[in-house]
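Participant: Input coords_22.cif, format and content: mmCIF, C-alpha atoms.
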```cif
data_work
#
loop_
_atom_site.group_PDB
_atom_site.id
_atom_site.type_symbol
_atom_site.label_atom_id
_atom_site.label_comp_id
_atom_site.auth_asym_id
_atom_site.auth_seq_id
_atom_site.Cartn_x
_atom_site.Cartn_y
_atom_site.Cartn_z
ATOM 1 C CA MET O 1 -21.855 81.642 74.105
ATOM 2 C CA THR O 2 -21.718 82.974 70.562
ATOM 3 C CA VAL O 3 -18.622 83.264 68.381
ATOM 4 C CA LEU O 4 -18.458 85.475 65.286
ATOM 5 C CA ALA O 5 -16.046 83.711 63.002
ATOM 6 C CA GLY O 6 -14.531 82.977 59.652
ATOM 7 C CA GLY O 7 -11.486 81.111 58.460
ATOM 8 C CA VAL O 8 -8.993 78.973 60.327
ATOM 9 C CA GLY O 9 -8.584 81.204 63.401
ATOM 10 C CA GLY O 10 -12.310 81.280 64.038
ATOM 11 C CA ALA O 11 -12.649 77.537 63.509
ATOM 12 C CA ARG O 12 -9.820 76.703 65.906
ATOM 13 C CA LEU O 13 -11.103 78.973 68.656
ATOM 14 C CA ALA O 14 -14.599 77.511 68.259
ATOM 15 C CA HIS O 15 -13.033 74.073 68.588
ATOM 16 C CA GLY O 16 -11.312 75.105 71.818
ATOM 17 C CA LEU O 17 -14.560 76.408 73.270
ATOM 18 C CA ASP O 18 -16.302 73.196 72.261
ATOM 19 C CA LEU O 19 -13.590 71.189 73.999
ATOM 20 C CA ALA O 20 -14.120 73.343 77.093
ATOM 21 C CA GLY O 21 -17.748 72.246 77.193
ATOM 22 C CA VAL O 22 -19.385 75.503 76.173
ATOM 23 C CA ASP O 23 -22.968 75.626 74.884
ATOM 24 C CA LEU O 24 -21.782 77.130 71.638
ATOM 25 C CA THR O 25 -23.226 78.947 68.642
ATOM 26 C CA VAL O 26 -20.895 79.951 65.811
ATOM 27 C CA VAL O 27 -22.079 82.665 63.415
ATOM 28 C CA VAL O 28 -20.034 82.304 60.247
ATOM 29 C CA ASN O 29 -19.070 84.540 57.336
ATOM 30 C CA VAL O 30 -20.599 83.617 53.957
ATOM 31 C CA ALA O 31 -19.026 86.325 51.778
ATOM 32 C CA ASP O 32 -16.286 83.864 50.721
ATOM 33 C CA ASP O 33 -18.891 81.540 49.199
ATOM 34 C CA VAL O 34 -18.533 80.798 45.520
ATOM 35 C CA GLU O 35 -20.112 78.703 42.775
ATOM 36 C CA LEU O 36 -17.627 76.511 40.899
ATOM 37 C CA HIS O 37 -18.262 73.531 38.607
ATOM 38 C CA GLY O 38 -21.970 74.088 39.222
ATOM 39 C CA LEU O 39 -21.561 73.540 42.969
ATOM 40 C CA TRP O 40 -22.152 75.968 45.844
ATOM 41 C CA ILE O 41 -19.058 76.079 48.033
ATOM 42 C CA SER O 42 -19.038 77.662 51.504
ATOM 43 C CA PRO O 43 -15.387 77.618 52.601
ATOM 44 C CA ASP O 44 -15.753 79.250 56.020
ATOM 45 C CA LEU O 45 -18.789 77.200 57.001
ATOM 46 C CA ASP O 46 -16.944 74.067 55.933
ATOM 47 C CA THR O 47 -13.736 74.957 57.771
ATOM 48 C CA VAL O 48 -15.698 75.537 60.978
ATOM 49 C CA THR O 49 -17.730 72.357 60.472
ATOM 50 C CA TYR O 50 -14.781 70.109 59.626
ATOM 51 C CA THR O 51 -12.748 71.471 62.551
ATOM 52 C CA LEU O 52 -15.564 70.936 65.064
ATOM 53 C CA ALA O 53 -16.140 67.449 63.633
ATOM 54 C CA GLY O 54 -12.464 66.515 63.977
ATOM 55 C CA LEU O 55 -12.147 66.083 60.219
ATOM 56 C CA ALA O 56 -10.072 69.127 59.258
ATOM 57 C CA ASP O 57 -6.690 68.894 57.600
ATOM 58 C CA GLU O 58 -4.780 70.746 60.308
ATOM 59 C CA GLU O 59 -1.558 70.965 58.330
ATOM 60 C CA ARG O 60 -3.107 72.828 55.399
ATOM 61 C CA GLY O 61 -5.759 74.625 57.439
ATOM 62 C CA TRP O 62 -8.563 73.730 55.027
ATOM 63 C CA GLY O 63 -10.263 70.678 53.591
ATOM 64 C CA VAL O 64 -10.547 67.183 55.026
ATOM 65 C CA VAL O 65 -7.676 65.172 56.469
ATOM 66 C CA GLY O 66 -6.580 62.147 54.417
ATOM 67 C CA GLU O 67 -8.148 63.633 51.304
ATOM 68 C CA THR O 68 -7.910 62.149 47.814
ATOM 69 C CA TYR O 69 -8.294 64.016 44.516
ATOM 70 C CA ALA O 70 -9.514 61.549 41.933
ATOM 71 C CA ALA O 71 -12.491 63.692 40.895
ATOM 72 C CA LEU O 72 -10.362 66.827 40.560
ATOM 73 C CA GLU O 73 -7.806 64.981 38.455
ATOM 74 C CA ALA O 74 -10.582 63.644 36.229
ATOM 75 C CA MET O 75 -12.047 67.140 35.800
ATOM 76 C CA GLY O 76 -8.624 68.372 34.766
ATOM 77 C CA ARG O 77 -8.349 65.672 32.120
ATOM 78 C CA LEU O 78 -11.742 66.781 30.823
ATOM 79 C CA GLY O 79 -10.463 70.321 30.351
ATOM 80 C CA GLU O 80 -11.808 71.979 33.499
ATOM 81 C CA ASP O 81 -9.769 74.614 35.316
ATOM 82 C CA THR O 82 -8.710 73.095 38.628
ATOM 83 C CA TRP O 83 -7.041 76.053 40.379
ATOM 84 C CA PHE O 84 -9.488 75.698 43.271
ATOM 85 C CA THR O 85 -8.565 72.423 44.940
ATOM 86 C CA LEU O 86 -11.523 70.210 45.813
ATOM 87 C CA GLY O 87 -10.890 66.857 47.440
ATOM 88 C CA ASP O 88 -13.211 63.920 47.009
ATOM 89 C CA ARG O 89 -14.643 63.978 50.543
ATOM 90 C CA ASP O 90 -14.978 67.747 50.442
ATOM 91 C CA LEU O 91 -16.678 67.465 47.060
ATOM 92 C CA ALA O 92 -19.363 65.301 48.628
ATOM 93 C CA THR O 93 -20.246 68.156 50.992
ATOM 94 C CA HIS O 94 -20.656 70.573 48.088
ATOM 95 C CA VAL O 95 -22.750 68.121 46.049
ATOM 96 C CA VAL O 96 -25.132 67.573 48.958
ATOM 97 C CA ARG O 97 -25.310 71.280 49.835
ATOM 98 C CA THR O 98 -26.028 72.283 46.246
ATOM 99 C CA ALA O 99 -28.714 69.645 45.765
ATOM 100 C CA ARG O 100 -30.499 70.684 48.939
ATOM 101 C CA LEU O 101 -30.286 74.385 48.117
ATOM 102 C CA ARG O 102 -31.715 73.725 44.656
ATOM 103 C CA ALA O 103 -34.510 71.706 46.255
ATOM 104 C CA GLY O 104 -35.513 74.803 48.199
ATOM 105 C CA SER O 105 -33.770 74.453 51.560
ATOM 106 C CA SER O 106 -32.090 77.499 53.081
ATOM 107 C CA LEU O 107 -28.363 77.601 53.735
ATOM 108 C CA THR O 108 -29.180 77.634 57.461
ATOM 109 C CA ASP O 109 -31.199 74.423 57.176
ATOM 110 C CA VAL O 110 -28.624 72.729 54.961
ATOM 111 C CA THR O 111 -25.828 73.654 57.368
ATOM 112 C CA ALA O 112 -27.793 72.264 60.313
ATOM 113 C CA ARG O 113 -28.280 68.954 58.500
ATOM 114 C CA LEU O 114 -24.622 68.725 57.489
ATOM 115 C CA THR O 115 -23.303 69.507 60.969
ATOM 116 C CA SER O 116 -25.707 67.036 62.543
ATOM 117 C CA ALA O 117 -24.655 64.312 60.122
ATOM 118 C CA LEU O 118 -21.009 64.919 61.026
ATOM 119 C CA GLY O 119 -21.619 64.830 64.769
ATOM 120 C CA VAL O 120 -20.972 68.497 65.498
ATOM 121 C CA ARG O 121 -22.366 69.499 68.912
ATOM 122 C CA ALA O 122 -22.254 73.272 68.381
ATOM 123 C CA ARG O 123 -24.892 75.198 66.470
ATOM 124 C CA VAL O 124 -23.298 76.576 63.292
ATOM 125 C CA LEU O 125 -25.193 79.408 61.605
ATOM 126 C CA PRO O 126 -24.434 81.203 58.353
ATOM 127 C CA VAL O 127 -24.756 84.902 59.091
ATOM 128 C CA SER O 128 -27.207 85.161 56.185
ATOM 129 C CA ASP O 129 -29.083 82.887 53.826
ATOM 130 C CA ASP O 130 -28.735 85.590 51.171
ATOM 131 C CA ARG O 131 -25.781 85.799 48.838
ATOM 132 C CA VAL O 132 -22.991 88.196 49.741
ATOM 133 C CA ALA O 133 -19.667 88.327 47.902
ATOM 134 C CA THR O 134 -16.409 89.954 48.957
ATOM 135 C CA LEU O 135 -14.798 91.717 45.995
ATOM 136 C CA VAL O 136 -11.192 92.823 46.281
ATOM 137 C CA ASP O 137 -9.848 95.957 44.614
ATOM 138 C CA THR O 138 -6.204 95.486 43.643
ATOM 139 C CA PRO O 139 -3.692 97.107 41.260
ATOM 140 C CA ALA O 140 -4.745 94.372 38.805
ATOM 141 C CA GLY O 141 -8.393 95.403 39.063
ATOM 142 C CA ARG O 142 -11.377 94.109 41.013
ATOM 143 C CA LEU O 143 -11.148 90.403 41.804
ATOM 144 C CA GLY O 144 -13.576 87.899 43.222
ATOM 145 C CA PHE O 145 -12.489 86.784 46.648
ATOM 146 C CA GLN O 146 -11.465 83.248 45.738
ATOM 147 C CA GLU O 147 -9.575 84.463 42.674
ATOM 148 C CA TYR O 148 -7.648 86.851 44.944
ATOM 149 C CA PHE O 149 -7.189 84.472 47.863
ATOM 150 C CA VAL O 150 -6.705 81.084 46.213
ATOM 151 C CA GLY O 151 -6.092 81.728 42.532
ATOM 152 C CA ARG O 152 -3.541 84.510 43.083
ATOM 153 C CA ARG O 153 -2.505 83.360 46.596
ATOM 154 C CA HIS O 154 -3.434 86.759 48.125
ATOM 155 C CA ALA O 155 -0.273 88.263 46.648
ATOM 156 C CA ASP O 156 -1.970 91.466 45.401
ATOM 157 C CA ASP O 157 -2.111 94.610 47.488
ATOM 158 C CA VAL O 158 -5.645 95.225 48.698
ATOM 159 C CA LEU O 159 -6.689 98.776 47.851
ATOM 160 C CA GLY O 160 -10.322 98.411 48.889
ATOM 161 C CA LEU O 161 -13.063 95.909 49.608
ATOM 162 C CA VAL O 162 -16.659 95.701 48.442
ATOM 163 C CA TYR O 163 -19.177 93.379 50.082
ATOM 164 C CA ASP O 164 -21.510 92.926 47.164
ATOM 165 C CA GLY O 165 -25.096 92.246 48.208
ATOM 166 C CA ILE O 166 -24.575 93.012 51.884
ATOM 167 C CA ASP O 167 -26.939 95.988 51.916
ATOM 168 C CA ALA O 168 -29.826 93.718 50.931
ATOM 169 C CA ALA O 169 -28.741 90.693 52.981
ATOM 170 C CA ARG O 170 -30.952 89.722 55.884
ATOM 171 C CA PRO O 171 -29.608 87.980 58.959
ATOM 172 C CA ALA O 172 -30.369 84.287 58.975
ATOM 173 C CA PRO O 173 -32.952 83.069 61.490
ATOM 174 C CA SER O 174 -31.610 83.017 65.078
ATOM 175 C CA VAL O 175 -28.489 85.065 64.264
ATOM 176 C CA LEU O 176 -29.571 88.280 65.974
ATOM 177 C CA ASP O 177 -30.939 86.383 68.955
ATOM 178 C CA ALA O 178 -27.664 84.466 69.196
ATOM 179 C CA VAL O 179 -25.821 87.765 69.586
ATOM 180 C CA ARG O 180 -28.358 89.618 71.735
ATOM 181 C CA ASP O 181 -29.207 86.778 74.125
ATOM 182 C CA ALA O 182 -25.770 85.255 74.698
ATOM 183 C CA ASP O 183 -23.949 85.596 78.008
ATOM 184 C CA VAL O 184 -20.673 86.023 76.126
ATOM 185 C CA VAL O 185 -19.978 87.004 72.508
ATOM 186 C CA VAL O 186 -16.497 86.380 71.137
ATOM 187 C CA VAL O 187 -15.072 88.006 68.022
ATOM 188 C CA ALA O 188 -12.676 85.299 66.876
ATOM 189 C CA PRO O 189 -9.074 85.927 65.788
ATOM 190 C CA SER O 190 -10.284 86.021 62.202
ATOM 191 C CA ASN O 191 -9.302 88.538 59.549
ATOM 192 C CA PRO O 192 -11.112 91.786 60.537
ATOM 193 C CA PHE O 193 -11.782 92.733 56.911
ATOM 194 C CA LEU O 194 -12.300 89.422 55.126
ATOM 195 C CA SER O 195 -14.104 87.459 57.840
ATOM 196 C CA VAL O 196 -15.460 89.705 60.610
ATOM 197 C CA GLU O 197 -16.692 92.742 58.690
ATOM 198 C CA PRO O 198 -18.872 90.667 56.319
ATOM 199 C CA VAL O 199 -20.569 89.286 59.439
ATOM 200 C CA LEU O 200 -20.995 92.632 61.188
ATOM 201 C CA GLY O 201 -22.148 94.277 57.956
ATOM 202 C CA VAL O 202 -25.279 92.143 57.620
ATOM 203 C CA ALA O 203 -28.339 94.141 58.696
ATOM 204 C CA GLY O 204 -28.712 94.291 62.455
ATOM 205 C CA VAL O 205 -25.634 92.299 63.450
ATOM 206 C CA ARG O 206 -23.374 95.238 64.317
ATOM 207 C CA ASP O 207 -26.203 96.900 66.258
ATOM 208 C CA ALA O 208 -26.947 93.653 68.078
ATOM 209 C CA LEU O 209 -23.305 93.357 69.120
ATOM 210 C CA ALA O 210 -23.144 97.002 70.159
ATOM 211 C CA GLY O 211 -26.336 96.709 72.209
ATOM 212 C CA THR O 212 -26.079 93.257 73.762
ATOM 213 C CA SER O 213 -25.701 92.893 77.523
ATOM 214 C CA ALA O 214 -23.294 90.008 76.906
ATOM 215 C CA ARG O 215 -19.649 90.257 77.871
ATOM 216 C CA ARG O 216 -17.974 90.929 74.535
ATOM 217 C CA VAL O 217 -14.472 89.588 73.965
ATOM 218 C CA ALA O 218 -12.227 89.873 70.913
ATOM 219 C CA VAL O 219 -8.981 88.040 70.202
ATOM 220 C CA SER O 220 -6.360 89.758 68.074
ATOM 221 C CA PRO O 221 -5.269 87.850 64.957
ATOM 222 C CA ILE O 222 -2.070 89.911 64.927
ATOM 223 C CA VAL O 223 0.822 88.722 67.115
ATOM 224 C CA GLY O 224 4.034 90.697 67.328
ATOM 225 C CA GLY O 225 3.097 92.749 64.280
ATOM 226 C CA ARG O 226 2.409 89.702 62.102
ATOM 227 C CA ALA O 227 -0.616 87.640 61.167
ATOM 228 C CA ILE O 228 -0.700 84.063 62.414
ATOM 229 C CA LYS O 229 -2.126 83.020 59.050
ATOM 230 C CA GLY O 230 -3.343 84.758 55.918
ATOM 231 C CA PRO O 231 -3.143 88.348 54.636
ATOM 232 C CA ALA O 232 -4.483 90.300 57.647
ATOM 233 C CA ALA O 233 -1.212 92.177 58.214
ATOM 234 C CA GLN O 234 -0.878 93.069 54.542
ATOM 235 C CA ILE O 235 -4.465 94.347 54.391
ATOM 236 C CA LEU O 236 -4.078 96.418 57.551
ATOM 237 C CA THR O 237 -1.069 98.060 55.912
ATOM 238 C CA THR O 238 -2.573 98.791 52.514
ATOM 239 C CA LEU O 239 -5.825 100.097 54.021
ATOM 240 C CA GLY O 240 -3.938 102.478 56.279
ATOM 241 C CA HIS O 241 -4.180 100.799 59.673
ATOM 242 C CA GLU O 242 -1.478 100.015 62.191
ATOM 243 C CA VAL O 243 -0.316 96.410 61.929
ATOM 244 C CA SER O 244 -0.604 95.484 65.580
ATOM 245 C CA ALA O 245 -3.017 94.240 68.198
ATOM 246 C CA LEU O 246 -3.689 97.914 68.928
ATOM 247 C CA GLY O 247 -4.592 98.490 65.278
ATOM 248 C CA VAL O 248 -7.087 95.631 65.493
ATOM 249 C CA ALA O 249 -8.500 96.911 68.791
ATOM 250 C CA ARG O 250 -9.204 100.285 67.209
ATOM 251 C CA LEU O 251 -11.451 98.545 64.661
ATOM 252 C CA TYR O 252 -13.583 97.134 67.487
ATOM 253 C CA VAL O 253 -14.074 100.242 69.640
ATOM 254 C CA GLY O 254 -17.637 100.281 70.943
ATOM 255 C CA LEU O 255 -18.125 96.626 70.044
ATOM 256 C CA VAL O 256 -16.027 94.755 72.600
ATOM 257 C CA ASP O 257 -15.383 94.998 76.324
ATOM 258 C CA VAL O 258 -12.260 92.831 76.508
ATOM 259 C CA MET O 259 -9.373 92.629 74.064
ATOM 260 C CA VAL O 260 -7.195 89.533 74.269
ATOM 261 C CA ILE O 261 -3.675 90.098 73.011
ATOM 262 C CA ASP O 262 -0.588 87.916 72.876
ATOM 263 C CA ASP O 263 2.291 87.963 75.350
ATOM 264 C CA HIS O 264 4.453 89.441 72.574
ATOM 265 C CA ASP O 265 2.177 92.497 72.561
ATOM 266 C CA ALA O 266 2.069 93.132 76.308
ATOM 267 C CA HIS O 267 3.647 96.555 75.753
ATOM 268 C CA LEU O 268 0.449 97.614 73.927
ATOM 269 C CA ALA O 269 -1.868 96.816 76.824
ATOM 270 C CA ASP O 270 -2.079 100.348 78.208
ATOM 271 C CA ALA O 271 -2.823 101.810 74.768
ATOM 272 C CA VAL O 272 -5.618 99.276 74.275
ATOM 273 C CA ARG O 273 -7.028 100.091 77.714
ATOM 274 C CA ALA O 274 -7.064 103.751 76.706
ATOM 275 C CA LEU O 275 -9.635 102.776 74.058
ATOM 276 C CA GLY O 276 -12.016 101.788 76.854
ATOM 277 C CA MET O 277 -11.371 98.039 76.810
ATOM 278 C CA ASP O 278 -10.160 95.644 79.446
ATOM 279 C CA VAL O 279 -7.091 93.736 78.312
ATOM 280 C CA VAL O 280 -6.042 90.128 78.781
ATOM 281 C CA VAL O 281 -2.440 89.275 77.902
ATOM 282 C CA THR O 282 -1.825 85.595 77.219
ATOM 283 C CA ASP O 283 -0.451 83.113 74.705
ATOM 284 C CA THR O 284 -2.935 83.423 71.823
ATOM 285 C CA VAL O 285 -1.167 81.028 69.428
ATOM 286 C CA MET O 286 -3.455 78.003 69.582
ATOM 287 C CA GLY O 287 -1.750 75.213 67.655
ATOM 288 C CA GLY O 288 -3.364 71.881 68.459
ATOM 289 C CA PRO O 289 -6.396 70.973 70.559
ATOM 290 C CA ALA O 290 -4.653 71.525 73.903
ATOM 291 C CA GLY O 291 -3.643 75.063 72.944
ATOM 292 C CA ARG O 292 -7.132 75.832 71.686
ATOM 293 C CA GLU O 293 -8.770 74.663 74.887
ATOM 294 C CA ARG O 294 -6.220 76.591 76.967
ATOM 295 C CA LEU O 295 -7.038 79.838 75.144
ATOM 296 C CA ALA O 296 -10.761 79.086 75.355
ATOM 297 C CA ARG O 297 -10.560 78.677 79.120
ATOM 298 C CA THR O 298 -8.638 81.940 79.383
ATOM 299 C CA LEU O 299 -11.432 83.678 77.484
ATOM 300 C CA LEU O 300 -14.045 82.102 79.717
ATOM 301 C CA ALA O 301 -12.205 83.298 82.808
ATOM 302 C CA SER O 302 -11.920 86.815 81.376
ATOM 303 C CA ALA O 303 -15.669 86.816 80.818
ATOM 304 C CA GLY O 304 -16.392 85.549 84.308
ATOM 305 C CA VAL O 305 -17.535 82.108 83.182
ATOM 306 C CA ALA O 306 -16.425 79.208 85.375
ATOM 307 C CA ARG O 307 -15.789 75.807 83.800
ATOM 308 C CA GLY O 308 -14.584 72.584 85.310
#
```
Can the structure in the file be given as structure tokens, please?

Facilitator:
Amino acid sequence: MTVLAGGVGGARLAHGLDLAGVDLTVVVNVADDVELHGLWISPDLDTVTYTLAGLADEERGWGVVGETYAALEAMGRLGEDTWFTLGDRDLATHVVRTARLRAGSSLTDVTARLTSALGVRARVLPVSDDRVATLVDTPAGRLGFQEYFVGRRHADDVLGLVYDGIDAARPAPSVLDAVRDADVVVVAPSNPFLSVEPVLGVAGVRDALAGTSARRVAVSPIVGGRAIKGPAAQILTTLGHEVSALGVARLYVGLVDVMVIDDHDAHLADAVRALGMDVVVTDTVMGGPAGRERLARTLLASAGVARG
């Protein structure tokens, strides 16, 4: 099974599938990546990795549980801007990643070594080893993604998005095969614009998803007209889309066979079916490990996959 993912929603669903015993590949967005303090930081890859390793700070939704901030505090005393919070354990990941990238390793190879070191069973793949950057057009001008999302706490209206470098980005090794050859491909309940589109936009990925013989399942990140986490609802609004599970389903026409929507959105099921998708109505709010595994098993059942 392959999951296309980014952010907390993607990480938590991947965790649920891992708990359910799935032979899992997670293809992860890299357009959030950023260089700060001379270090290469891959927030979505790290969120997926930490969550699968049981290290994630579940309360905050990012970083490592039990984190300390001695290095960040020291950088602040030395005059560095510390708006992007880096904990000490998290910092170690970025130091190692950056050193290995500078030594000539690919992001795919570095990610494999990091996940192995942390005991992650699933295969975690960056969608590309090339650099792609989400740029956000706002009333204040064009912002880098982390400036918009972290520095300004995604308070600005999003007027448009540019995925800088995506036209030249090549899929990382094994990514297209992971989509084409899977029995099931899941589009995680990640932000359709900030997490999913930068994955689909890499050369060949959208076509691979459209053409695969796999059962294709998507989970709506919108529940009862609101996002579970993050600015998905706000972005749907400002970019002219309906803020609902139906609005999300319309973005995935031709790419998914099954749309999973929350119990709160059961009244939208017929409209989603009219788009040519099967619909599963269930509790999509995952919460802790038990909720994640429950949703994962529902997805497996909807795709015709039996698990003990």

Participant: Check what the PyMOL selection byres ((chain O and resi 280-295) around 7) selects in the file above and give those residues as a ChimeraX atom specification.

Facilitator: /O:12-13,15-17,19-20,259-263,266,278-279,296-299

Participant: If we count all atoms listed in the file and set the cut-off at 10 Å, which residues sit around segment 93-109 of chain O, ignoring sequence neighbours fewer than 6 positions away in its own chain? Please answer as a PDB file with C-alpha atoms, in the coordinates of the input.

Facilitator:
```
ATOM      1  CA  VAL O  30     -20.599  83.617  53.957  1.00  0.00           C
ATOM      2  CA  GLU O  35     -20.112  78.703  42.775  1.00  0.00           C
ATOM      3  CA  LEU O  36     -17.627  76.511  40.899  1.00  0.00           C
ATOM      4  CA  GLY O  38     -21.970  74.088  39.222  1.00  0.00           C
ATOM      5  CA  LEU O  39     -21.561  73.540  42.969  1.00  0.00           C
ATOM      6  CA  TRP O  40     -22.152  75.968  45.844  1.00  0.00           C
ATOM      7  CA  ILE O  41     -19.058  76.079  48.033  1.00  0.00           C
ATOM      8  CA  SER O  42     -19.038  77.662  51.504  1.00  0.00           C
ATOM      9  CA  PRO O  43     -15.387  77.618  52.601  1.00  0.00           C
ATOM     10  CA  ASP O  46     -16.944  74.067  55.933  1.00  0.00           C
ATOM     11  CA  LEU O  86     -11.523  70.210  45.813  1.00  0.00           C
ATOM     12  CA  VAL O 124     -23.298  76.576  63.292  1.00  0.00           C
ATOM     13  CA  LEU O 125     -25.193  79.408  61.605  1.00  0.00           C
ATOM     14  CA  PRO O 126     -24.434  81.203  58.353  1.00  0.00           C
ATOM     15  CA  VAL O 127     -24.756  84.902  59.091  1.00  0.00           C
ATOM     16  CA  SER O 128     -27.207  85.161  56.185  1.00  0.00           C
ATOM     17  CA  ASP O 129     -29.083  82.887  53.826  1.00  0.00           C
ATOM     18  CA  ASP O 130     -28.735  85.590  51.171  1.00  0.00           C
ATOM     19  CA  ARG O 131     -25.781  85.799  48.838  1.00  0.00           C
ATOM     20  CA  ALA O 172     -30.369  84.287  58.975  1.00  0.00           C
ATOM     21  CA  PRO O 173     -32.952  83.069  61.490  1.00  0.00           C
ATOM     22  CA  SER O 174     -31.610  83.017  65.078  1.00  0.00           C
TER      23      SER O 174
END
```

Participant: Need the shell around Met277 of chain O: protein/DNA/RNA residues with any atom at most 8 Å away, counting only C-alpha atoms. Skip same-chain ones fewer than 2 positions apart. Format as a PDB file with C-alpha atoms, keeping the file's coordinate frame?

Facilitator:
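Ended up saving to part-v1.pdb:
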```pdb
ATOM      1  CA  VAL O 253     -14.074 100.242  69.640  1.00  0.00           C
ATOM      2  CA  VAL O 256     -16.027  94.755  72.600  1.00  0.00           C
ATOM      3  CA  ASP O 257     -15.383  94.998  76.324  1.00  0.00           C
ATOM      4  CA  VAL O 258     -12.260  92.831  76.508  1.00  0.00           C
ATOM      5  CA  MET O 259      -9.373  92.629  74.064  1.00  0.00           C
ATOM      6  CA  VAL O 272      -5.618  99.276  74.275  1.00  0.00           C
ATOM      7  CA  ARG O 273      -7.028 100.091  77.714  1.00  0.00           C
ATOM      8  CA  ALA O 274      -7.064 103.751  76.706  1.00  0.00           C
ATOM      9  CA  LEU O 275      -9.635 102.776  74.058  1.00  0.00           C
ATOM     10  CA  VAL O 279      -7.091  93.736  78.312  1.00  0.00           C
TER      11      VAL O 279
END
```

Participant: Translate the PyMOL selection byres ((chain O and resi 175-190) around 6) into a concrete residue list for this structure, as a PDB file with C-alpha atoms, in the coordinates of the input.

Facilitator:
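Result went into part-v3.pdb, see below:
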```
ATOM      1  CA  MET O   1     -21.855  81.642  74.105  1.00  0.00           C
ATOM      2  CA  THR O   2     -21.718  82.974  70.562  1.00  0.00           C
ATOM      3  CA  VAL O   3     -18.622  83.264  68.381  1.00  0.00           C
ATOM      4  CA  LEU O   4     -18.458  85.475  65.286  1.00  0.00           C
ATOM      5  CA  ALA O   5     -16.046  83.711  63.002  1.00  0.00           C
ATOM      6  CA  GLY O   6     -14.531  82.977  59.652  1.00  0.00           C
ATOM      7  CA  GLY O   9      -8.584  81.204  63.401  1.00  0.00           C
ATOM      8  CA  GLY O  10     -12.310  81.280  64.038  1.00  0.00           C
ATOM      9  CA  ALA O 172     -30.369  84.287  58.975  1.00  0.00           C
ATOM     10  CA  PRO O 173     -32.952  83.069  61.490  1.00  0.00           C
ATOM     11  CA  SER O 174     -31.610  83.017  65.078  1.00  0.00           C
ATOM     12  CA  ASN O 191      -9.302  88.538  59.549  1.00  0.00           C
ATOM     13  CA  SER O 195     -14.104  87.459  57.840  1.00  0.00           C
ATOM     14  CA  ALA O 208     -26.947  93.653  68.078  1.00  0.00           C
ATOM     15  CA  THR O 212     -26.079  93.257  73.762  1.00  0.00           C
ATOM     16  CA  ALA O 214     -23.294  90.008  76.906  1.00  0.00           C
ATOM     17  CA  ARG O 215     -19.649  90.257  77.871  1.00  0.00           C
ATOM     18  CA  ARG O 216     -17.974  90.929  74.535  1.00  0.00           C
ATOM     19  CA  VAL O 217     -14.472  89.588  73.965  1.00  0.00           C
ATOM     20  CA  ALA O 218     -12.227  89.873  70.913  1.00  0.00           C
ATOM     21  CA  VAL O 219      -8.981  88.040  70.202  1.00  0.00           C
ATOM     22  CA  SER O 220      -6.360  89.758  68.074  1.00  0.00           C
ATOM     23  CA  PRO O 221      -5.269  87.850  64.957  1.00  0.00           C
TER      24      PRO O 221
END
```

Participant: Do a neighbour search on Thr238 of chain O at 10 Å with only C-alpha atoms, toss out local chain neighbours closer than 2 positions, and write the hits as a PyMOL selection string.

Facilitator: chain O and resi 157-160+233-236+240-243

Participant: What does the PyMOL selection byres ((chain O and resi 146) around 12) select in this file, as a PyMOL selection string?

Facilitator: chain O and resi 31-36+41-44+83-85+133-136+142-145+147-154+194

Participant: May I have the protein, DNA and RNA residues with any atom at most 7 Å from the point (-21.3, 92.9, 51.5), counting all atoms listed in the file, written as a PyMOL selection string?

Facilitator: chain O and resi 31+132-134+162-167+198+201

Participant: Using only C-alpha atoms, determine which residues lie at most 8 Å from Ile222 of chain O, disregarding the query and same-chain residues fewer than 3 positions distant; provide the list as JSON, numbers by chain.

Facilitator: {"O": [225, 226, 227, 228, 232, 233, 243, 244, 245, 248]}

Participant: Could you work out how far atom CA of Val223 of chain O lies from atom CA of Asp156 of chain O, giving the answer in Å with one decimal?

Facilitator: 22.1 Å

Participant: Considering only C-alpha atoms, give me a table of residues in segment 96-121 of chain O that are at most 12 Å from segment 55-68 of chain O, with the closest atom pair and distance in Å for each, as CSV.

Facilitator:
```
residue,atom,partner,partner_atom,distance
O:Thr115,CA,O:Leu55,CA,11.7
O:Leu118,CA,O:Leu55,CA,9.0
O:Gly119,CA,O:Leu55,CA,10.6
O:Val120,CA,O:Leu55,CA,10.6
```

Participant: What is the atom CA of Ala70 of chain O to atom CA of Thr82 of chain O distance in Å?

Facilitator: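 According to the coordinates, atom CA of Ala70 of chain O and atom CA of Thr82 of chain O are separated by 12.0 Å.
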
Participant: So how far away is atom CA of Leu52 of chain O from atom CA of Ala249 of chain O, in Å?

Facilitator: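 Between these atoms lies a distance of 27.2 Å.
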
Participant: Give the answer as one residue: which of O:Leu78, O:Ala112, O:Thr49, O:Thr237 has the shortest atom-to-atom distance to Asp90 of chain O, using only C-alpha atoms?

Facilitator: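 When distances to Asp90 of chain O are compared using only C-alpha atoms, the smallest one comes from O:Thr49.
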